[in-house]
Amino acid sequence: MDAAYLSEWANLLLRWLHLIAGVAWIGTSFYFIGLDNQLDKPADGNPRVAGEQWSIHGGGFYHKQKYLVAPERLPEKLHWFKWEAYWTWISGFSLFVLIYWGQASTYLVDPAVLDMPAWVAVLISAAMLAGGWVAYDQVCRSKIGENEALLGAIGAAALAVVAFVACHVFGGRGAFLQVGAMTGTIMVANVAMVIMPGQRKMVAAMGKGEAPDPKYGRWGKQRSVHNTYLTLPVLFIMISPHYPMTYQSRWNWVVLLAVGLAGALVRQYFVLRQKGRNAAWLPAGAAAVVALLIWTGAPERPSGTAEAPPFAEVQAIVAARCVSCHAARPTQEGFAAPPKGVMMETPQQVRRWAASMRQQVQTEAMPPGNLTEITAEERAKLLAWVAAGAPAD
């Protein structure tokens, strides 16, 4: 069986698993952050209880209580939340390896950004994944970690540096997903390396009849809050490959940083709303950031009044530069089917996809990494032909 065909199925199944696990993890995270923000003082005045909440859902009433540190006795049955996070990362990392490491010369390396062997790009990518977590974790464990405002400012500055570096080392699409993979790794490592070990120590202490050390609860809450603010930026990165005007922008690292900020603002709005505070300016600010990006990032119109080339010339360019991927049976290595089902082998197919071609050609998203070495002159001819209404002569 064809390896590229199997790769496509692996891509689909891993992506589906990633979405399923991610929905479960995000839902759990948002629920518990929302619960924490909406706790009321305990009606019975129990000094061990930090807060409680009554709620109704699905036709039933629920009563939840959160303890300051721990209850008097360890319950026989205790629910843990970890596999949602673990499977989100396992599936996401497997997908990243399959696409961005397995086809690094196509999706990670862009000679126009930095020409390097695929194996070097993979090593840099791996080093950034590991280094991102180590640096973040060490800062959180230092004295800086005790000052959330300072920690947040350093985190934002670090994200700006990482976005800038990634976008000047890798191709735009690969750079965005690299930052997303780094962020996702930090998020799951927070669960696996800080939250879960701390909770195990708290449970172990109670099993010995000892009072748990409250620092583990503080550390776990801090990392959990960090994770919830990183969620929406990561979701944007997950969908960004479908929108080349973001990652192919001249200022792509600014786009990445700004949309990440917009996502954090939206998340902060929901956090404050759960606390009973109205902060409508936050989503408004996020919308303003996105609107500014759209306005300033709009591609310039081609200068001059280039005439549309004959359709025969357009078809020759498409055949030479696009059909190796966009064919019923692609000849480009790593492709078992035409991307997004777009085929350009016949005149009817070329004209059908003319509008989509304009965006891909104008942003230089296609061919990926300019694999087929399309020239600037050829791009200009295709754009002039589309602007003229994609005539068939």
# chains A, B, ... in the order shown; residues from 1 in each chain; ligands from 1
$ residues_around --residues "range 378-381 of chain A" --least-positions-apart "3" --cutoff "9 Å" --atoms "only C-alpha atoms" --output "JSON list (two decimals) with C-alpha atoms, in the first residue's frame"
[["chain", "number", "residue", "atom", "x", "y", "z"],
["A", 302, "PRO", "CA", 0.34, 44.79, -8.03],
["A", 306, "ALA", "CA", -0.37, 44.22, -16.37],
["A", 307, "GLU", "CA", -2.37, 42.62, -19.12],
["A", 308, "ALA", "CA", -3.84, 39.20, -18.63],
["A", 309, "PRO", "CA", -1.73, 36.57, -20.42],
["A", 313, "GLU", "CA", 0.30, 30.51, -20.96],
["A", 314, "VAL", "CA", -1.58, 30.37, -17.65],
["A", 317, "ILE", "CA", 2.51, 27.84, -15.66],
["A", 361, "VAL", "CA", -0.21, 32.94, -5.18],
["A", 362, "GLN", "CA", -0.41, 36.47, -3.81],
["A", 364, "GLU", "CA", 3.28, 33.12, -1.70],
["A", 374, "ILE", "CA", 7.70, 29.50, -9.41],
["A", 375, "THR", "CA", 9.10, 32.90, -10.38],
["A", 384, "ALA", "CA", -3.22, 39.48, -13.72],
["A", 385, "TRP", "CA", -5.20, 36.65, -15.31],
["A", 386, "VAL", "CA", -7.35, 36.18, -12.19]]
$ closest_atom_pairs --of "range 149-214 of chain A" --to "range 233-254 of chain A" --cutoff "10 Å" --atoms "only C-alpha atoms" --output "tab-separated table"
residue	atom	partner	partner_atom	distance
A:Leu159	CA	A:Trp253	CA	9.9
A:Ala160	CA	A:Trp253	CA	7.7
A:Val161	CA	A:Trp253	CA	9.1
A:Val162	CA	A:Trp253	CA	8.9
A:Ala163	CA	A:Trp253	CA	5.2
A:Phe164	CA	A:Trp253	CA	5.3
A:Val165	CA	A:Trp253	CA	8.5
A:Ala166	CA	A:Trp253	CA	8.0
A:Cys167	CA	A:Trp253	CA	5.9
A:His168	CA	A:Trp253	CA	8.7
A:Gly171	CA	A:Gln248	CA	8.2
A:Gly172	CA	A:Tyr247	CA	4.6
A:Arg173	CA	A:Tyr247	CA	5.5
A:Gly174	CA	A:Tyr247	CA	8.7
A:Ala175	CA	A:Tyr247	CA	7.9
A:Phe176	CA	A:Ile237	CA	6.2
A:Leu177	CA	A:Ile237	CA	6.3
A:Gln178	CA	A:Ile237	CA	9.3
A:Val179	CA	A:Ile237	CA	8.1
A:Gly180	CA	A:Val234	CA	5.6
A:Ala181	CA	A:Val234	CA	8.5
A:Met182	CA	A:Val234	CA	9.7
A:Thr183	CA	A:Val234	CA	7.1
A:Gly184	CA	A:Val234	CA	7.2
$ residues_around --residues "range 319-329 of chain A" --least-positions-apart "6" --cutoff "12 Å" --atoms "only C-alpha atoms" --output "PyMOL selection string"
chain A and resi 2+4-5+106+312-313+335-347+349-350+353+357+360-361+366-368+370-375+378-379+382
$ select_by_dssp --residues "range 196-383 of chain A" --states "helix (DSSP H, G or I)" --output "ChimeraX atom specification"
/A:196-207,214-242,244-247,252-274,281-297,311-321,339-341,347-352,354-362,368-370,376-383
$ closest_residue --among "A:Arg141, A:Arg73, A:Arg48, A:Arg223" --to "Val191 in chain A" --atoms "only C-alpha atoms"
A:Arg223
$ closest_residue --among "A:Ala316, A:Ala149, A:Val194, A:Leu129" --to "Phe96 in chain A" --atoms "only C-alpha atoms"
A:Leu129
$ atom_distance --atom1 "CA of Ser94 in chain A" --atom2 "CA of Arg15 in chain A"
9.3 Å
$ closest_residue --among "A:Gly276, A:Gly369, A:Pro283, A:Pro197" --to "Phe170 in chain A" --atoms "only C-alpha atoms"
A:Gly369
$ atom_distance --atom1 "CA of Val23 in chain A" --atom2 "CA of Leu232 in chain A"
12.1 Å
$ atom_distance --atom1 "CA of Gly60 in chain A" --atom2 "CA of Lys82 in chain A"
25.9 Å
$ residues_around --residues "Trp80 in chain A" --least-positions-apart "3" --cutoff "10 Å" --atoms "only C-alpha atoms" --output "list of chain:residue names"
A:Lys77, A:Trp83, A:Met196, A:Gln199
$ closest_residue --among "A:Ala279, A:Leu13, A:Ile186, A:Val113" --to "Asp137 in chain A" --atoms "only C-alpha atoms"
A:Ile186
$ residues_around --residues "Leu272 in chain A" --least-positions-apart "2" --cutoff "12 Å" --atoms "only C-alpha atoms" --output "list in words"
Ile33, Gly34, Asp36, Asn37, Gln38, Leu265, Val266, Arg267, Gln268, Tyr269, Phe270, Gln274, Lys275, Gly276, Arg277, Asn278, Ala279, Ala280, Trp281, Leu282 and Pro283 of chain A
$ residues_around --residues "Asp213 in chain A" --least-positions-apart "4" --cutoff "9 Å" --atoms "only C-alpha atoms" --output "ChimeraX atom specification"
/A:69,201-202,205,217
$ residues_around --residues "Arg351 in chain A" --least-positions-apart "6" --cutoff "8 Å" --atoms "only C-alpha atoms" --output "JSON, numbers by chain"
{"A": [390, 391, 392]}
